[in-house]
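Participant: This is coords-v4.csv, which holds CSV, N, CA and C atoms:
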```csv
chain,number,residue,atom,x,y,z
N,1,MET,N,0.8,-1.2,0.0
N,1,MET,CA,0.0,0.0,0.0
N,1,MET,C,0.9,1.3,0.0
N,2,GLN,N,1.9,1.2,0.8
N,2,GLN,CA,2.8,2.4,0.8
N,2,GLN,C,3.4,2.7,-0.6
N,3,GLN,N,3.7,1.6,-1.3
N,3,GLN,CA,4.3,1.8,-2.6
N,3,GLN,C,3.3,2.5,-3.6
N,4,ILE,N,2.1,2.1,-3.5
N,4,ILE,CA,1.0,2.7,-4.3
N,4,ILE,C,0.9,4.1,-4.0
N,5,ASN,N,0.9,4.4,-2.7
N,5,ASN,CA,0.7,5.8,-2.2
N,5,ASN,C,1.9,6.7,-2.7
N,6,GLN,N,3.1,6.1,-2.7
N,6,GLN,CA,4.3,6.9,-3.1
N,6,GLN,C,4.2,7.1,-4.7
N,7,GLU,N,3.8,6.1,-5.4
N,7,GLU,CA,3.6,6.3,-6.9
N,7,GLU,C,2.6,7.3,-7.2
N,8,VAL,N,1.5,7.3,-6.5
N,8,VAL,CA,0.4,8.3,-6.8
N,8,VAL,C,0.9,9.7,-6.4
N,9,GLU,N,1.6,9.8,-5.3
N,9,GLU,CA,2.1,11.1,-4.9
N,9,GLU,C,3.1,11.6,-5.9
N,10,TYR,N,3.9,10.7,-6.5
N,10,TYR,CA,4.9,11.1,-7.5
N,10,TYR,C,4.2,11.7,-8.7
N,11,LEU,N,3.1,11.1,-9.0
N,11,LEU,CA,2.3,11.6,-10.2
N,11,LEU,C,1.6,12.9,-10.0
N,12,ILE,N,1.0,13.1,-8.8
N,12,ILE,CA,0.2,14.2,-8.6
N,12,ILE,C,0.8,15.3,-7.7
N,13,GLY,N,2.0,15.1,-7.3
N,13,GLY,CA,2.7,16.1,-6.4
N,13,GLY,C,3.0,17.4,-7.2
N,14,LYS,N,3.4,18.4,-6.5
N,14,LYS,CA,3.6,19.7,-7.0
N,14,LYS,C,4.4,19.7,-8.3
N,15,ASP,N,5.5,19.0,-8.4
N,15,ASP,CA,6.3,18.9,-9.6
N,15,ASP,C,6.2,17.5,-10.3
N,16,GLY,N,5.0,16.9,-10.1
N,16,GLY,CA,4.8,15.6,-10.6
N,16,GLY,C,4.5,15.6,-12.1
N,17,HIS,N,4.3,14.4,-12.6
N,17,HIS,CA,4.1,14.2,-14.1
N,17,HIS,C,2.9,14.9,-14.6
N,18,LEU,N,1.8,14.8,-13.8
N,18,LEU,CA,0.5,15.4,-14.2
N,18,LEU,C,0.7,16.9,-14.4
N,19,SER,N,1.4,17.5,-13.4
N,19,SER,CA,1.6,19.0,-13.4
N,19,SER,C,2.4,19.4,-14.7
N,20,TYR,N,3.4,18.6,-15.0
N,20,TYR,CA,4.3,18.9,-16.2
N,20,TYR,C,3.4,18.7,-17.4
N,21,PHE,N,2.7,17.6,-17.6
N,21,PHE,CA,1.9,17.3,-18.7
N,21,PHE,C,0.9,18.4,-18.9
N,22,ARG,N,0.2,18.8,-17.8
N,22,ARG,CA,-0.8,19.8,-17.9
N,22,ARG,C,-0.2,21.2,-18.4
N,23,SER,N,0.9,21.5,-17.8
N,23,SER,CA,1.5,22.8,-18.2
N,23,SER,C,1.9,22.9,-19.7
N,24,CYS,N,2.3,21.7,-20.2
N,24,CYS,CA,2.6,21.7,-21.7
N,24,CYS,C,1.4,21.8,-22.5
N,25,VAL,N,0.3,21.2,-22.1
N,25,VAL,CA,-1.0,21.2,-22.9
N,25,VAL,C,-1.5,22.6,-22.8
N,26,MET,N,-1.5,23.3,-21.6
N,26,MET,CA,-2.0,24.6,-21.4
N,26,MET,C,-1.3,25.6,-22.3
N,27,LEU,N,0.0,25.4,-22.6
N,27,LEU,CA,0.7,26.2,-23.5
N,27,LEU,C,0.6,25.8,-24.9
N,28,ASN,N,-0.3,24.9,-25.2
N,28,ASN,CA,-0.5,24.4,-26.5
N,28,ASN,C,0.7,23.7,-27.1
N,29,GLY,N,1.5,23.1,-26.1
N,29,GLY,CA,2.7,22.5,-26.5
N,29,GLY,C,2.6,21.0,-26.5
N,30,TYR,N,3.8,20.3,-26.7
N,30,TYR,CA,3.9,18.9,-26.7
N,30,TYR,C,4.7,18.4,-25.6
N,31,PRO,N,4.1,17.6,-24.7
N,31,PRO,CA,4.9,17.0,-23.6
N,31,PRO,C,6.0,16.1,-24.1
N,32,HIS,N,7.2,16.3,-23.6
N,32,HIS,CA,8.3,15.5,-24.2
N,32,HIS,C,8.6,14.3,-23.4
N,33,HIS,N,7.9,13.9,-22.4
N,33,HIS,CA,8.0,12.6,-21.8
N,33,HIS,C,6.7,12.1,-21.3
N,34,ASN,N,6.6,10.8,-21.2
N,34,ASN,CA,5.4,10.1,-20.8
N,34,ASN,C,5.1,10.4,-19.3
N,35,ILE,N,3.8,10.1,-18.9
N,35,ILE,CA,3.4,10.0,-17.5
N,35,ILE,C,3.8,8.6,-17.1
N,36,SER,N,4.5,8.5,-16.0
N,36,SER,CA,4.9,7.2,-15.5
N,36,SER,C,3.6,6.3,-15.2
N,37,GLU,N,3.7,5.1,-15.8
N,37,GLU,CA,2.6,4.2,-15.5
N,37,GLU,C,2.7,3.6,-14.1
N,38,LEU,N,1.6,3.2,-13.6
N,38,LEU,CA,1.6,2.5,-12.3
N,38,LEU,C,2.1,1.1,-12.5
N,39,ASN,N,2.6,0.5,-11.4
N,39,ASN,CA,3.1,-0.8,-11.5
N,39,ASN,C,1.9,-1.8,-11.3
N,40,LEU,N,1.0,-1.7,-12.3
N,40,LEU,CA,-0.3,-2.3,-12.2
N,40,LEU,C,-0.3,-3.8,-12.0
N,41,ASN,N,0.5,-4.5,-12.8
N,41,ASN,CA,0.5,-6.0,-12.7
N,41,ASN,C,1.0,-6.4,-11.3
N,42,PHE,N,2.0,-5.8,-10.8
N,42,PHE,CA,2.5,-6.1,-9.5
N,42,PHE,C,1.3,-5.9,-8.4
N,43,TYR,N,0.6,-4.8,-8.5
N,43,TYR,CA,-0.4,-4.6,-7.5
N,43,TYR,C,-1.6,-5.5,-7.6
N,44,LEU,N,-1.9,-5.8,-8.9
N,44,LEU,CA,-3.1,-6.7,-9.1
N,44,LEU,C,-2.8,-8.2,-8.6
N,45,THR,N,-1.5,-8.6,-8.8
N,45,THR,CA,-1.2,-9.9,-8.4
N,45,THR,C,-0.7,-10.0,-6.9
N,46,SER,N,-0.2,-9.0,-6.4
N,46,SER,CA,0.3,-9.0,-5.0
N,46,SER,C,-0.7,-8.6,-3.9
N,47,LEU,N,-1.7,-7.8,-4.3
N,47,LEU,CA,-2.7,-7.4,-3.3
N,47,LEU,C,-3.7,-8.6,-3.2
N,48,ASP,N,-3.9,-9.0,-1.9
N,48,ASP,CA,-4.9,-10.0,-1.6
N,48,ASP,C,-6.3,-9.4,-1.9
N,49,SER,N,-7.3,-10.3,-2.0
N,49,SER,CA,-8.6,-9.8,-2.3
N,49,SER,C,-9.2,-9.0,-1.1
N,50,SER,N,-8.6,-9.1,0.0
N,50,SER,CA,-8.9,-8.3,1.2
N,50,SER,C,-7.7,-8.1,2.1
N,51,LEU,N,-7.7,-7.0,2.8
N,51,LEU,CA,-6.7,-6.7,3.8
N,51,LEU,C,-7.4,-6.3,5.0
N,52,ASN,N,-7.1,-6.9,6.1
N,52,ASN,CA,-7.8,-6.6,7.4
N,52,ASN,C,-9.3,-6.7,7.3
N,53,SER,N,-9.7,-7.7,6.5
N,53,SER,CA,-11.2,-7.9,6.2
N,53,SER,C,-11.8,-6.8,5.4
N,54,ILE,N,-11.0,-6.0,4.7
N,54,ILE,CA,-11.6,-5.0,3.9
N,54,ILE,C,-11.2,-5.3,2.4
N,55,SER,N,-12.2,-5.4,1.6
N,55,SER,CA,-12.0,-5.7,0.2
N,55,SER,C,-11.1,-4.7,-0.5
N,56,THR,N,-10.3,-5.3,-1.4
N,56,THR,CA,-9.4,-4.4,-2.2
N,56,THR,C,-9.9,-4.2,-3.6
N,57,LEU,N,-11.1,-4.7,-3.9
N,57,LEU,CA,-11.6,-4.6,-5.3
N,57,LEU,C,-11.8,-3.2,-5.8
N,58,GLU,N,-12.3,-2.3,-4.9
N,58,GLU,CA,-12.5,-0.9,-5.4
N,58,GLU,C,-11.1,-0.3,-5.7
N,59,LEU,N,-10.2,-0.5,-4.8
N,59,LEU,CA,-8.8,0.0,-5.1
N,59,LEU,C,-8.2,-0.5,-6.4
N,60,LYS,N,-8.3,-1.8,-6.6
N,60,LYS,CA,-7.8,-2.4,-7.8
N,60,LYS,C,-8.5,-1.9,-9.0
N,61,ASN,N,-9.8,-1.7,-9.0
N,61,ASN,CA,-10.5,-1.1,-10.1
N,61,ASN,C,-10.1,0.3,-10.4
N,62,LYS,N,-9.9,1.1,-9.4
N,62,LYS,CA,-9.4,2.5,-9.5
N,62,LYS,C,-8.0,2.5,-10.1
N,63,LEU,N,-7.2,1.6,-9.7
N,63,LEU,CA,-5.8,1.5,-10.2
N,63,LEU,C,-5.8,1.2,-11.7
N,64,LYS,N,-6.7,0.3,-12.1
N,64,LYS,CA,-6.9,-0.1,-13.5
N,64,LYS,C,-7.3,1.1,-14.3
N,65,LYS,N,-8.3,1.8,-13.8
N,65,LYS,CA,-8.9,3.0,-14.5
N,65,LYS,C,-7.8,4.1,-14.7
N,66,ALA,N,-7.1,4.3,-13.6
N,66,ALA,CA,-6.0,5.3,-13.7
N,66,ALA,C,-5.0,4.9,-14.7
N,67,ASN,N,-4.6,3.7,-14.7
N,67,ASN,CA,-3.5,3.2,-15.6
N,67,ASN,C,-4.0,3.3,-17.0
N,68,ASP,N,-5.3,3.0,-17.3
N,68,ASP,CA,-5.8,3.1,-18.6
N,68,ASP,C,-5.7,4.6,-19.1
N,69,LYS,N,-6.1,5.5,-18.3
N,69,LYS,CA,-6.0,7.0,-18.6
N,69,LYS,C,-4.5,7.4,-18.9
N,70,ILE,N,-3.6,6.9,-18.1
N,70,ILE,CA,-2.2,7.2,-18.3
N,70,ILE,C,-1.7,6.6,-19.7
N,71,LYS,N,-2.1,5.4,-20.0
N,71,LYS,CA,-1.7,4.8,-21.2
N,71,LYS,C,-2.3,5.5,-22.4
N,72,MET,N,-3.5,6.0,-22.3
N,72,MET,CA,-4.2,6.7,-23.4
N,72,MET,C,-3.4,8.0,-23.6
N,73,LEU,N,-3.1,8.8,-22.5
N,73,LEU,CA,-2.4,10.0,-22.7
N,73,LEU,C,-1.0,9.8,-23.3
N,74,ASN,N,-0.3,8.7,-22.8
N,74,ASN,CA,1.0,8.4,-23.4
N,74,ASN,C,0.9,8.0,-24.8
N,75,ASP,N,-0.2,7.3,-25.2
N,75,ASP,CA,-0.3,7.0,-26.6
N,75,ASP,C,-0.5,8.2,-27.5
N,76,TYR,N,-1.3,9.2,-27.0
N,76,TYR,CA,-1.5,10.4,-27.7
N,76,TYR,C,-0.1,11.1,-28.0
N,77,ARG,N,0.8,11.1,-27.0
N,77,ARG,CA,2.0,11.8,-27.2
N,77,ARG,C,3.2,10.9,-27.6
N,78,LYS,N,2.8,9.8,-28.1
N,78,LYS,CA,3.8,8.8,-28.6
N,78,LYS,C,4.9,9.5,-29.4
N,79,ASP,N,4.5,10.3,-30.3
N,79,ASP,CA,5.4,11.1,-31.1
N,79,ASP,C,4.7,12.4,-31.5
N,80,TYR,N,5.4,13.3,-32.0
N,80,TYR,CA,4.8,14.6,-32.4
N,80,TYR,C,3.8,14.4,-33.5
N,81,GLU,N,4.0,13.5,-34.4
N,81,GLU,CA,3.1,13.3,-35.5
N,81,GLU,C,1.7,12.8,-35.0
N,82,THR,N,1.8,11.8,-34.1
N,82,THR,CA,0.6,11.3,-33.5
N,82,THR,C,-0.2,12.4,-32.7
N,83,TRP,N,0.6,13.1,-31.9
N,83,TRP,CA,0.0,14.3,-31.2
N,83,TRP,C,-0.8,15.2,-32.1
N,84,ASN,N,-0.2,15.5,-33.2
N,84,ASN,CA,-0.9,16.4,-34.2
N,84,ASN,C,-2.1,15.7,-34.8
N,85,LYS,N,-2.0,14.4,-35.1
N,85,LYS,CA,-3.1,13.7,-35.7
N,85,LYS,C,-4.3,13.7,-34.8
N,86,ILE,N,-4.1,13.5,-33.5
N,86,ILE,CA,-5.1,13.5,-32.5
N,86,ILE,C,-5.7,14.9,-32.4
N,87,LYS,N,-4.9,15.9,-32.5
N,87,LYS,CA,-5.4,17.3,-32.4
N,87,LYS,C,-6.3,17.5,-33.6
N,88,LYS,N,-6.0,17.1,-34.8
N,88,LYS,CA,-6.8,17.3,-36.0
N,88,LYS,C,-8.1,16.5,-35.8
N,89,HIS,N,-8.0,15.3,-35.3
N,89,HIS,CA,-9.2,14.5,-35.1
N,89,HIS,C,-10.2,15.1,-34.2
N,90,MET,N,-9.7,15.8,-33.2
N,90,MET,CA,-10.6,16.4,-32.2
N,90,MET,C,-11.2,17.7,-32.6
N,91,LYS,N,-10.7,18.3,-33.7
N,91,LYS,CA,-11.2,19.6,-34.1
N,91,LYS,C,-12.7,19.5,-34.4
N,92,GLY,N,-13.4,20.5,-34.0
N,92,GLY,CA,-14.9,20.5,-34.3
N,92,GLY,C,-15.7,19.9,-33.1
N,93,ARG,N,-15.1,19.0,-32.4
N,93,ARG,CA,-15.8,18.4,-31.2
N,93,ARG,C,-15.5,19.2,-30.0
N,94,LYS,N,-14.3,19.4,-29.7
N,94,LYS,CA,-13.8,20.1,-28.5
N,94,LYS,C,-12.4,20.5,-28.8
N,95,GLU,N,-12.0,21.6,-28.3
N,95,GLU,CA,-10.6,22.0,-28.4
N,95,GLU,C,-9.7,20.9,-27.8
N,96,TYR,N,-8.7,20.5,-28.5
N,96,TYR,CA,-7.8,19.4,-28.1
N,96,TYR,C,-7.3,19.7,-26.7
N,97,GLY,N,-6.8,20.9,-26.4
N,97,GLY,CA,-6.2,21.1,-25.1
N,97,GLY,C,-7.3,20.9,-24.0
N,98,GLU,N,-8.5,21.4,-24.3
N,98,GLU,CA,-9.6,21.2,-23.3
N,98,GLU,C,-9.8,19.7,-23.1
N,99,TYR,N,-9.8,18.9,-24.1
N,99,TYR,CA,-10.1,17.5,-24.0
N,99,TYR,C,-9.0,16.8,-23.2
N,100,VAL,N,-7.7,17.1,-23.5
N,100,VAL,CA,-6.6,16.5,-22.8
N,100,VAL,C,-6.6,16.9,-21.3
N,101,LEU,N,-6.9,18.2,-21.1
N,101,LEU,CA,-7.0,18.7,-19.7
N,101,LEU,C,-8.1,18.0,-19.0
N,102,ALA,N,-9.2,17.8,-19.6
N,102,ALA,CA,-10.3,17.1,-19.0
N,102,ALA,C,-9.9,15.6,-18.6
N,103,VAL,N,-9.2,15.0,-19.5
N,103,VAL,CA,-8.7,13.6,-19.2
N,103,VAL,C,-7.7,13.7,-18.0
N,104,LEU,N,-6.8,14.7,-18.0
N,104,LEU,CA,-5.9,14.9,-16.9
N,104,LEU,C,-6.6,15.1,-15.6
N,105,ASP,N,-7.6,15.9,-15.6
N,105,ASP,CA,-8.4,16.2,-14.4
N,105,ASP,C,-9.1,14.9,-13.9
N,106,GLU,N,-9.6,14.1,-14.8
N,106,GLU,CA,-10.3,12.9,-14.5
N,106,GLU,C,-9.2,11.9,-13.8
N,107,LEU,N,-8.0,11.9,-14.4
N,107,LEU,CA,-7.0,11.0,-13.9
N,107,LEU,C,-6.6,11.5,-12.5
N,108,GLU,N,-6.4,12.8,-12.4
N,108,GLU,CA,-6.0,13.3,-11.1
N,108,GLU,C,-7.1,13.0,-10.0
N,109,LYS,N,-8.3,13.2,-10.4
N,109,LYS,CA,-9.4,12.8,-9.4
N,109,LYS,C,-9.4,11.4,-9.0
N,110,ASN,N,-9.1,10.5,-10.0
N,110,ASN,CA,-9.0,9.1,-9.7
N,110,ASN,C,-7.9,8.8,-8.8
N,111,LEU,N,-6.7,9.4,-9.0
N,111,LEU,CA,-5.5,9.2,-8.2
N,111,LEU,C,-5.8,9.7,-6.8
N,112,LEU,N,-6.5,10.8,-6.6
N,112,LEU,CA,-6.8,11.3,-5.3
N,112,LEU,C,-7.8,10.3,-4.6
N,113,GLU,N,-8.7,9.7,-5.3
N,113,GLU,CA,-9.6,8.7,-4.8
N,113,GLU,C,-8.8,7.5,-4.3
N,114,ILE,N,-7.8,7.1,-5.0
N,114,ILE,CA,-6.9,6.0,-4.6
N,114,ILE,C,-6.2,6.3,-3.3
N,115,GLN,N,-5.7,7.5,-3.2
N,115,GLN,CA,-5.1,7.9,-2.0
N,115,GLN,C,-6.1,7.9,-0.8
N,116,LYS,N,-7.3,8.4,-1.1
N,116,LYS,CA,-8.3,8.5,-0.1
N,116,LYS,C,-8.6,7.1,0.4
N,117,ILE,N,-8.8,6.1,-0.5
N,117,ILE,CA,-9.1,4.7,-0.1
N,117,ILE,C,-8.0,4.2,0.8
N,118,ILE,N,-6.7,4.4,0.4
N,118,ILE,CA,-5.6,3.9,1.1
N,118,ILE,C,-5.5,4.5,2.5
N,119,ASN,N,-5.8,5.8,2.5
N,119,ASN,CA,-5.8,6.6,3.8
N,119,ASN,C,-6.9,6.2,4.7
N,120,LYS,N,-8.1,6.2,4.2
N,120,LYS,CA,-9.3,6.0,5.1
N,120,LYS,C,-9.6,4.6,5.4
N,121,GLN,N,-9.5,3.7,4.4
N,121,GLN,CA,-9.9,2.3,4.6
N,121,GLN,C,-8.7,1.5,5.2
N,122,PHE,N,-7.5,1.8,4.7
N,122,PHE,CA,-6.4,1.0,5.1
N,122,PHE,C,-5.4,1.7,6.1
N,123,LYS,N,-5.8,2.9,6.4
N,123,LYS,CA,-5.1,3.7,7.4
N,123,LYS,C,-3.6,3.9,7.2
N,124,ILE,N,-3.3,4.2,5.9
N,124,ILE,CA,-1.9,4.5,5.5
N,124,ILE,C,-2.0,5.9,4.9
N,125,SER,N,-1.2,6.8,5.5
N,125,SER,CA,-1.1,8.2,5.0
N,125,SER,C,0.1,8.4,4.2
N,126,ILE,N,0.1,9.5,3.4
N,126,ILE,CA,1.3,9.8,2.6
N,126,ILE,C,2.5,10.0,3.5
N,127,LYS,N,2.3,10.5,4.7
N,127,LYS,CA,3.4,10.7,5.7
N,127,LYS,C,4.0,9.4,6.1
N,128,ASP,N,3.2,8.3,6.1
N,128,ASP,CA,3.7,7.0,6.5
N,128,ASP,C,4.6,6.4,5.4
N,129,SER,N,4.4,6.9,4.2
N,129,SER,CA,5.1,6.3,3.1
N,129,SER,C,6.6,6.6,3.1
```
Could you take the file, read its structure, and then write that structure out as structure tokens?
Facilitator:
Amino acid sequence: MQQINQEVEYLIGKDGHLSYFRSCVMLNGYPHHNISELNLNFYLTSLDSSLNSISTLELKNKLKKANDKIKMLNDYRKDYETWNKIKKHMKGRKEYGEYVLAVLDELEKNLLEIQKIINKQFKISIKDS
């Protein structure tokens, strides 16, 4: 649990990957590195179905959802050409920057929910990590 908490904090912290990615998009730029993916396979295989009689299913589902969003954003910025293709594809529906920022906001919300589950249900805080 502490490792999950540390990974999440690394992503959403003040100088974390989401902050960097968001600042590039807001400037209508291209993020030059991926958002770190969660160590999902490790967590899904090593977390028991319950800890201290508390189910880990909700946590696992939120981890999957967060990792899917990270993969999607990383696929978009795979290279500059793909980034621009996605921008053109989004034209007319929603501004590309708005769309990517909305995905980043959803990802951040999900990561905060993961931290909340770890903190409230499993009694592990960021400070414990």
Participant: Taking the backbone alone, and naming residues the way the document does, which bits of stretch 5-93 of chain N are strand (DSSP E or B) by DSSP, as a VMD selection string?
Facilitator: chain N and resid 50 to 51 54 to 55
Participant: Rounded to one decimal in Å, what is the spacing between atom CA of N:Leu11 and atom CA of N:Asn34?
Facilitator: 11.1 Å
Participant: Pick the closest to N:Gln115 from N:Lys14, N:Ser23, N:Lys62, N:Arg77: which is it, counting only C-alpha atoms?
Facilitator: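 Closest residue, counting only C-alpha atoms: N:Lys62.
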Participant: Which residue gives the smallest distance to N:Tyr96 among N:Val25, N:Phe122, N:Asn39, N:Asn61, with all atoms listed in the file counted?
Facilitator: N:Val25
Participant: If we count all atoms listed in the file and set the cut-off at 8 Å, which residues sit around N:Leu38, ignoring sequence neighbours fewer than 3 positions away in its own chain? Please answer as a list in words.
Facilitator: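 Residues meeting the cut-off are Glu7, Val8, Ile35, Asn41, Phe42, Tyr43, Leu63, Ala66, Asn67, Asp68, Ile70 and Lys71 of chain N.
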Participant: Which is closest to N:Ile117 among N:Met1, N:Ile86, N:Leu101, N:Ile12, if we use only C-alpha atoms?
Facilitator: N:Met1
Participant: If we count only C-alpha atoms, what is near N:Asp79 at a cut-off of 12 Å, once residues fewer than 5 positions away on the same chain are taken out, given as a PyMOL selection string?
Facilitator: chain N and resi 30-34+73-74+84-86
Participant: Save the residues we just selected, N, CA and C atoms, as a compact mmCIF listing (two decimals), keeping the file's coordinate frame?
Facilitator:
```txt
# COMPACT_ATOMS: atom_id res chain seq x y z
N TYR N 30 3.80 20.30 -26.70
CA TYR N 30 3.90 18.90 -26.70
C TYR N 30 4.70 18.40 -25.60
N PRO N 31 4.10 17.60 -24.70
CA PRO N 31 4.90 17.00 -23.60
C PRO N 31 6.00 16.10 -24.10
N HIS N 32 7.20 16.30 -23.60
CA HIS N 32 8.30 15.50 -24.20
C HIS N 32 8.60 14.30 -23.40
N HIS N 33 7.90 13.90 -22.40
CA HIS N 33 8.00 12.60 -21.80
C HIS N 33 6.70 12.10 -21.30
N ASN N 34 6.60 10.80 -21.20
CA ASN N 34 5.40 10.10 -20.80
C ASN N 34 5.10 10.40 -19.30
N LEU N 73 -3.10 8.80 -22.50
CA LEU N 73 -2.40 10.00 -22.70
C LEU N 73 -1.00 9.80 -23.30
N ASN N 74 -0.30 8.70 -22.80
CA ASN N 74 1.00 8.40 -23.40
C ASN N 74 0.90 8.00 -24.80
N ASN N 84 -0.20 15.50 -33.20
CA ASN N 84 -0.90 16.40 -34.20
C ASN N 84 -2.10 15.70 -34.80
N LYS N 85 -2.00 14.40 -35.10
CA LYS N 85 -3.10 13.70 -35.70
C LYS N 85 -4.30 13.70 -34.80
N ILE N 86 -4.10 13.50 -33.50
CA ILE N 86 -5.10 13.50 -32.50
C ILE N 86 -5.70 14.90 -32.40
```
Participant: Which value, in Å to one decimal, gives the distance between atom C of N:Ser46 and atom CA of N:Tyr10?
Facilitator: 20.8 Å
Participant: What gap, in Å, lies between atom CA of N:Lys60 and atom CA of N:Tyr20?
Facilitator: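 So the answer is 25.9 Å.
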Participant: Ranking N:Glu108, N:Leu44, N:Glu37, N:Lys120 by minimum distance to N:Asp75 and counting only C-alpha atoms, which one comes first?
Facilitator: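 Using only C-alpha atoms, the shortest distance to N:Asp75 belongs to N:Glu37.
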